[in-house]
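Below is one structure, written out as structure tokens; the observations come after it.
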Amino acid sequence: MLLHDTALIFGRYARQTLRSRFAMLFGVLMPLLYLFFFGPLLTGLPLGTRGTSWQVLVPGLLLQLGLFGAAFAGFGVIVEKNLGIVERMRATPVSRLALLLGRILRDAAVIVLQAVLLVLAALAMGLRAPLAGVLIGLAFVALLTLSLASLSYALAMKVRTPQEFGPAVNALTMPSMLLSGLMLPMTLAPGWLDVLSRLMPLRYLVDAVRDAYVGSYATAHMLYGVLVALAFAATAVTVGTRAFRRAGA
């Protein structure tokens, strides 16, 4: 029943997404702008890490796509609450976990598709990375999306208006982006900032994907990245499910 219910919820929101293809393509616009206008500035610069500047920048942009795309996913729940859709879902026997899984799987599918478009554009700009590394990067993007979308929906179930939701998400996403080394490796940062960045889970995912993009898979960065990504996803899905259960959604 869980799989059946999840498929029903996923199909509902997937159809909504397909009816708004412009919004789906617009979501990848910011990383593409970074790729086209920021990427060439890094060419030839000593970045203190292995690989070319594209192998440093593109993994960060992929995770940035997951960060911002998933963190703001909760806006949809706020709209549904205001329209009474959440109230109507209370009367259904659908699993509360399925109500969350269907949504976050739709989000993961959309963002992975956007990530593929970003990688294709990066290849045209000069990126060279092994296929296995690219696939590993997409897997990390999917896990990050599942995690952050779950937390975003949990927060959306707690707040009443978009005016409350937006500033709260911005207050969390901007420090995450700046302290995780998405744009540039944190090895370039002063010691105190490098230490502070290690408190951010996203830092470990970025380091792991950068290793994958240079063909290094059996590394400490990869191990830490996998462990942090799985633990973060499990914790976030648990929090999101409890939020749906308590709200009676």
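Residues in the structure tokens are named by chain (A, B, ... in the order shown) and by number from 1 within that chain; ligands are numbered from 1 in the order shown.
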
Per-residue nearest contacts region 142-224 of chain A to region 122-130 of chain A, cut-off 9 Å, using only C-alpha atoms, as a tab-separated table:
residue	atom	partner	partner_atom	distance
A:Ala212	CA	A:Pro130	CA	8.0
A:Tyr213	CA	A:Ala129	CA	5.2
A:Val214	CA	A:Ala129	CA	6.3
A:Gly215	CA	A:Pro130	CA	6.2

Residues of region 1-198 of chain A classed as alpha helix (DSSP H) by DSSP on the backbone are to be reported as a VMD selection string. chain A and resid 2 to 18 21 to 26 29 to 33 39 to 42 53 to 71 75 to 83 85 to 90 96 to 125 131 to 158 162 to 179 191 to 197

Enumerate, in order of chain and increasing residue number, the residues of region 138-212 of chain A with an atom no farther than 12 Å from region 70-91 of chain A, each with its shortest atom pair and distance in Å to one decimal, counting only C-alpha atoms, as JSON lines.
{"residue": "A:Val141", "atom": "CA", "partner": "A:Ala70", "partner_atom": "CA", "distance": 10.1}
{"residue": "A:Ala142", "atom": "CA", "partner": "A:Ala70", "partner_atom": "CA", "distance": 10.0}
{"residue": "A:Leu143", "atom": "CA", "partner": "A:Ala70", "partner_atom": "CA", "distance": 10.6}
{"residue": "A:Leu144", "atom": "CA", "partner": "A:Ala70", "partner_atom": "CA", "distance": 8.2}
{"residue": "A:Thr145", "atom": "CA", "partner": "A:Ala70", "partner_atom": "CA", "distance": 5.3}
{"residue": "A:Leu146", "atom": "CA", "partner": "A:Ala70", "partner_atom": "CA", "distance": 7.7}
{"residue": "A:Ser147", "atom": "CA", "partner": "A:Ala70", "partner_atom": "CA", "distance": 8.3}
{"residue": "A:Leu148", "atom": "CA", "partner": "A:Ala71", "partner_atom": "CA", "distance": 5.4}
{"residue": "A:Ala149", "atom": "CA", "partner": "A:Ala70", "partner_atom": "CA", "distance": 4.6}
{"residue": "A:Ser150", "atom": "CA", "partner": "A:Ala70", "partner_atom": "CA", "distance": 8.4}
{"residue": "A:Leu151", "atom": "CA", "partner": "A:Ala71", "partner_atom": "CA", "distance": 7.6}
{"residue": "A:Ser152", "atom": "CA", "partner": "A:Gly74", "partner_atom": "CA", "distance": 4.9}
{"residue": "A:Tyr153", "atom": "CA", "partner": "A:Gly74", "partner_atom": "CA", "distance": 4.5}
{"residue": "A:Ala154", "atom": "CA", "partner": "A:Gly74", "partner_atom": "CA", "distance": 7.7}
{"residue": "A:Leu155", "atom": "CA", "partner": "A:Gly74", "partner_atom": "CA", "distance": 7.2}
{"residue": "A:Ala156", "atom": "CA", "partner": "A:Gly74", "partner_atom": "CA", "distance": 5.1}
{"residue": "A:Met157", "atom": "CA", "partner": "A:Val77", "partner_atom": "CA", "distance": 7.1}
{"residue": "A:Lys158", "atom": "CA", "partner": "A:Ile78", "partner_atom": "CA", "distance": 9.3}
{"residue": "A:Val159", "atom": "CA", "partner": "A:Ile78", "partner_atom": "CA", "distance": 7.9}
{"residue": "A:Arg160", "atom": "CA", "partner": "A:Ile78", "partner_atom": "CA", "distance": 7.0}
{"residue": "A:Thr161", "atom": "CA", "partner": "A:Ile78", "partner_atom": "CA", "distance": 6.6}
{"residue": "A:Pro162", "atom": "CA", "partner": "A:Phe75", "partner_atom": "CA", "distance": 6.6}
{"residue": "A:Gln163", "atom": "CA", "partner": "A:Phe75", "partner_atom": "CA", "distance": 10.2}
{"residue": "A:Glu164", "atom": "CA", "partner": "A:Ile78", "partner_atom": "CA", "distance": 10.4}
{"residue": "A:Phe165", "atom": "CA", "partner": "A:Phe75", "partner_atom": "CA", "distance": 7.6}
{"residue": "A:Gly166", "atom": "CA", "partner": "A:Phe72", "partner_atom": "CA", "distance": 7.7}
{"residue": "A:Pro167", "atom": "CA", "partner": "A:Phe72", "partner_atom": "CA", "distance": 10.6}
{"residue": "A:Ala168", "atom": "CA", "partner": "A:Phe72", "partner_atom": "CA", "distance": 10.2}
{"residue": "A:Val169", "atom": "CA", "partner": "A:Ala71", "partner_atom": "CA", "distance": 6.7}
{"residue": "A:Asn170", "atom": "CA", "partner": "A:Ala71", "partner_atom": "CA", "distance": 8.8}
{"residue": "A:Ala171", "atom": "CA", "partner": "A:Ala71", "partner_atom": "CA", "distance": 11.1}
{"residue": "A:Leu172", "atom": "CA", "partner": "A:Ala71", "partner_atom": "CA", "distance": 9.0}
{"residue": "A:Thr173", "atom": "CA", "partner": "A:Ala71", "partner_atom": "CA", "distance": 7.4}
{"residue": "A:Met174", "atom": "CA", "partner": "A:Ala71", "partner_atom": "CA", "distance": 10.8}
{"residue": "A:Ser176", "atom": "CA", "partner": "A:Ala71", "partner_atom": "CA", "distance": 11.1}
{"residue": "A:Met177", "atom": "CA", "partner": "A:Ala71", "partner_atom": "CA", "distance": 11.8}

Give me, as a tab-separated table, the closest atom pair and its distance (Å, one decimal) for every residue of region 155-190 of chain A within a cut-off of 7 Å of region 42-60 of chain A, counting only C-alpha atoms, rows sorted by chain and rising number.
residue	atom	partner	partner_atom	distance
A:Leu182	CA	A:Gly60	CA	4.1
A:Met183	CA	A:Gly60	CA	5.8
A:Leu184	CA	A:Leu57	CA	7.0
A:Thr187	CA	A:Gly48	CA	6.4
A:Leu188	CA	A:Gly48	CA	6.6

Export of prior selection with all heavy atoms as a PDB file, in the first residue's frame:
ATOM      1  N   LEU A 182      30.730  25.689  -2.198  1.00  0.00           N
ATOM      2  CA  LEU A 182      30.085  25.356  -3.465  1.00  0.00           C
ATOM      3  C   LEU A 182      30.774  26.027  -4.649  1.00  0.00           C
ATOM      4  O   LEU A 182      30.960  25.410  -5.696  1.00  0.00           O
ATOM      5  CB  LEU A 182      28.611  25.759  -3.429  1.00  0.00           C
ATOM      6  CG  LEU A 182      27.697  24.977  -2.495  1.00  0.00           C
ATOM      7  CD1 LEU A 182      26.276  25.490  -2.586  1.00  0.00           C
ATOM      8  CD2 LEU A 182      27.741  23.499  -2.803  1.00  0.00           C
ATOM      9  N   MET A 183      31.147  27.284  -4.488  1.00  0.00           N
ATOM     10  CA  MET A 183      31.757  28.013  -5.596  1.00  0.00           C
ATOM     11  C   MET A 183      33.256  27.753  -5.687  1.00  0.00           C
ATOM     12  O   MET A 183      33.798  27.545  -6.769  1.00  0.00           O
ATOM     13  CB  MET A 183      31.498  29.518  -5.438  1.00  0.00           C
ATOM     14  CG  MET A 183      30.031  29.922  -5.496  1.00  0.00           C
ATOM     15  SD  MET A 183      29.256  29.596  -7.100  1.00  0.00           S
ATOM     16  CE  MET A 183      28.389  28.068  -6.751  1.00  0.00           C
ATOM     17  N   LEU A 184      33.924  27.784  -4.542  1.00  0.00           N
ATOM     18  CA  LEU A 184      35.367  27.585  -4.480  1.00  0.00           C
ATOM     19  C   LEU A 184      35.691  26.646  -3.324  1.00  0.00           C
ATOM     20  O   LEU A 184      34.996  26.648  -2.305  1.00  0.00           O
ATOM     21  CB  LEU A 184      36.087  28.927  -4.269  1.00  0.00           C
ATOM     22  CG  LEU A 184      35.983  29.939  -5.409  1.00  0.00           C
ATOM     23  CD1 LEU A 184      36.549  31.286  -4.971  1.00  0.00           C
ATOM     24  CD2 LEU A 184      36.701  29.444  -6.659  1.00  0.00           C
ATOM     25  N   THR A 187      39.549  24.895   0.946  1.00  0.00           N
ATOM     26  CA  THR A 187      40.996  24.886   1.189  1.00  0.00           C
ATOM     27  C   THR A 187      41.613  26.255   0.921  1.00  0.00           C
ATOM     28  O   THR A 187      42.722  26.532   1.381  1.00  0.00           O
ATOM     29  CB  THR A 187      41.675  23.838   0.290  1.00  0.00           C
ATOM     30  OG1 THR A 187      41.291  24.055  -1.077  1.00  0.00           O
ATOM     31  CG2 THR A 187      41.266  22.435   0.702  1.00  0.00           C
ATOM     32  N   LEU A 188      40.917  27.105   0.197  1.00  0.00           N
ATOM     33  CA  LEU A 188      41.394  28.462  -0.061  1.00  0.00           C
ATOM     34  C   LEU A 188      41.075  29.405   1.099  1.00  0.00           C
ATOM     35  O   LEU A 188      41.587  30.519   1.139  1.00  0.00           O
ATOM     36  CB  LEU A 188      40.759  29.013  -1.342  1.00  0.00           C
ATOM     37  CG  LEU A 188      41.043  28.249  -2.644  1.00  0.00           C
ATOM     38  CD1 LEU A 188      40.265  28.866  -3.794  1.00  0.00           C
ATOM     39  CD2 LEU A 188      42.527  28.237  -2.953  1.00  0.00           C
TER      40      LEU A 188
END

Shell around Leu62 (chain A) at 10 Å using only C-alpha atoms, local window under 6 positions removed, as a PyMOL selection string: chain A and resi 28+31+111-112+114-116+118-119+137-138+140-141+182+206+209

Could those residues be written to a file, using N, CA, C and O atoms, as a PDB file, in the first residue's frame?
ATOM      1  N   VAL A  28      16.802  25.838 -13.462  1.00  0.00           N
ATOM      2  CA  VAL A  28      18.218  25.600 -13.732  1.00  0.00           C
ATOM      3  C   VAL A  28      18.915  26.860 -14.224  1.00  0.00           C
ATOM      4  O   VAL A  28      20.111  26.859 -14.493  1.00  0.00           O
ATOM      5  N   PRO A  31      22.125  28.295 -11.861  1.00  0.00           N
ATOM      6  CA  PRO A  31      23.383  27.573 -12.047  1.00  0.00           C
ATOM      7  C   PRO A  31      23.974  27.736 -13.443  1.00  0.00           C
ATOM      8  O   PRO A  31      25.197  27.782 -13.599  1.00  0.00           O
ATOM      9  N   ILE A 111      14.833  17.846 -10.206  1.00  0.00           N
ATOM     10  CA  ILE A 111      16.148  18.456 -10.012  1.00  0.00           C
ATOM     11  C   ILE A 111      17.240  17.612 -10.653  1.00  0.00           C
ATOM     12  O   ILE A 111      18.221  18.163 -11.187  1.00  0.00           O
ATOM     13  N   VAL A 112      17.110  16.297 -10.641  1.00  0.00           N
ATOM     14  CA  VAL A 112      18.089  15.464 -11.347  1.00  0.00           C
ATOM     15  C   VAL A 112      18.033  15.737 -12.846  1.00  0.00           C
ATOM     16  O   VAL A 112      19.072  15.794 -13.517  1.00  0.00           O
ATOM     17  N   GLN A 114      17.186  18.579 -14.219  1.00  0.00           N
ATOM     18  CA  GLN A 114      17.861  19.866 -14.382  1.00  0.00           C
ATOM     19  C   GLN A 114      19.375  19.706 -14.253  1.00  0.00           C
ATOM     20  O   GLN A 114      20.140  20.369 -14.964  1.00  0.00           O
ATOM     21  N   ALA A 115      19.809  18.826 -13.358  1.00  0.00           N
ATOM     22  CA  ALA A 115      21.242  18.589 -13.190  1.00  0.00           C
ATOM     23  C   ALA A 115      21.852  17.984 -14.454  1.00  0.00           C
ATOM     24  O   ALA A 115      22.987  18.318 -14.827  1.00  0.00           O
ATOM     25  N   VAL A 116      21.123  17.101 -15.112  1.00  0.00           N
ATOM     26  CA  VAL A 116      21.609  16.527 -16.364  1.00  0.00           C
ATOM     27  C   VAL A 116      21.792  17.625 -17.420  1.00  0.00           C
ATOM     28  O   VAL A 116      22.803  17.655 -18.144  1.00  0.00           O
ATOM     29  N   LEU A 118      22.431  20.720 -16.830  1.00  0.00           N
ATOM     30  CA  LEU A 118      23.584  21.510 -16.410  1.00  0.00           C
ATOM     31  C   LEU A 118      24.889  20.814 -16.788  1.00  0.00           C
ATOM     32  O   LEU A 118      25.835  21.458 -17.263  1.00  0.00           O
ATOM     33  N   VAL A 119      24.961  19.509 -16.591  1.00  0.00           N
ATOM     34  CA  VAL A 119      26.168  18.760 -16.950  1.00  0.00           C
ATOM     35  C   VAL A 119      26.403  18.814 -18.458  1.00  0.00           C
ATOM     36  O   VAL A 119      27.549  18.978 -18.916  1.00  0.00           O
ATOM     37  N   GLY A 137      27.709  11.966  -8.933  1.00  0.00           N
ATOM     38  CA  GLY A 137      27.278  13.323  -8.633  1.00  0.00           C
ATOM     39  C   GLY A 137      25.767  13.469  -8.678  1.00  0.00           C
ATOM     40  O   GLY A 137      25.167  14.120  -7.808  1.00  0.00           O
ATOM     41  N   LEU A 138      25.125  12.847  -9.661  1.00  0.00           N
ATOM     42  CA  LEU A 138      23.664  12.908  -9.755  1.00  0.00           C
ATOM     43  C   LEU A 138      23.007  12.202  -8.569  1.00  0.00           C
ATOM     44  O   LEU A 138      21.962  12.640  -8.077  1.00  0.00           O
ATOM     45  N   PHE A 140      24.243  12.027  -5.535  1.00  0.00           N
ATOM     46  CA  PHE A 140      24.353  12.933  -4.395  1.00  0.00           C
ATOM     47  C   PHE A 140      23.325  14.061  -4.506  1.00  0.00           C
ATOM     48  O   PHE A 140      22.749  14.485  -3.491  1.00  0.00           O
ATOM     49  N   VAL A 141      23.092  14.553  -5.707  1.00  0.00           N
ATOM     50  CA  VAL A 141      22.079  15.597  -5.899  1.00  0.00           C
ATOM     51  C   VAL A 141      20.705  15.072  -5.499  1.00  0.00           C
ATOM     52  O   VAL A 141      19.924  15.767  -4.837  1.00  0.00           O
ATOM     53  N   LEU A 182      30.730  25.689  -2.198  1.00  0.00           N
ATOM     54  CA  LEU A 182      30.085  25.356  -3.465  1.00  0.00           C
ATOM     55  C   LEU A 182      30.774  26.027  -4.649  1.00  0.00           C
ATOM     56  O   LEU A 182      30.960  25.410  -5.696  1.00  0.00           O
ATOM     57  N   VAL A 206      29.983  18.080  -1.182  1.00  0.00           N
ATOM     58  CA  VAL A 206      30.735  18.790  -2.213  1.00  0.00           C
ATOM     59  C   VAL A 206      32.096  18.143  -2.419  1.00  0.00           C
ATOM     60  O   VAL A 206      32.519  17.891  -3.561  1.00  0.00           O
ATOM     61  N   VAL A 209      31.733  14.758  -4.307  1.00  0.00           N
ATOM     62  CA  VAL A 209      31.422  14.867  -5.734  1.00  0.00           C
ATOM     63  C   VAL A 209      32.639  15.381  -6.504  1.00  0.00           C
ATOM     64  O   VAL A 209      32.903  14.930  -7.628  1.00  0.00           O
TER      65      VAL A 209
END

Taking 5 positions as the minimum chain separation for residues in the same chain, which residues sit within 9 Å of region 189-205 of chain A when counting only C-alpha atoms? Answer as a ChimeraX atom specification. /A:63,67,140-141,144,176-182,210,221-222,224-226,228-229,232

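You will find CA of Ala7 (chain A) at 11.3 Å from CA of Leu100 (chain A).
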
Which distance in Å separates CA of Gly133 (chain A) and CA of Gly69 (chain A), to one decimal?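 Taking CA of Gly133 (chain A) as the start and CA of Gly69 (chain A) as the end point, the length is 21.9 Å.
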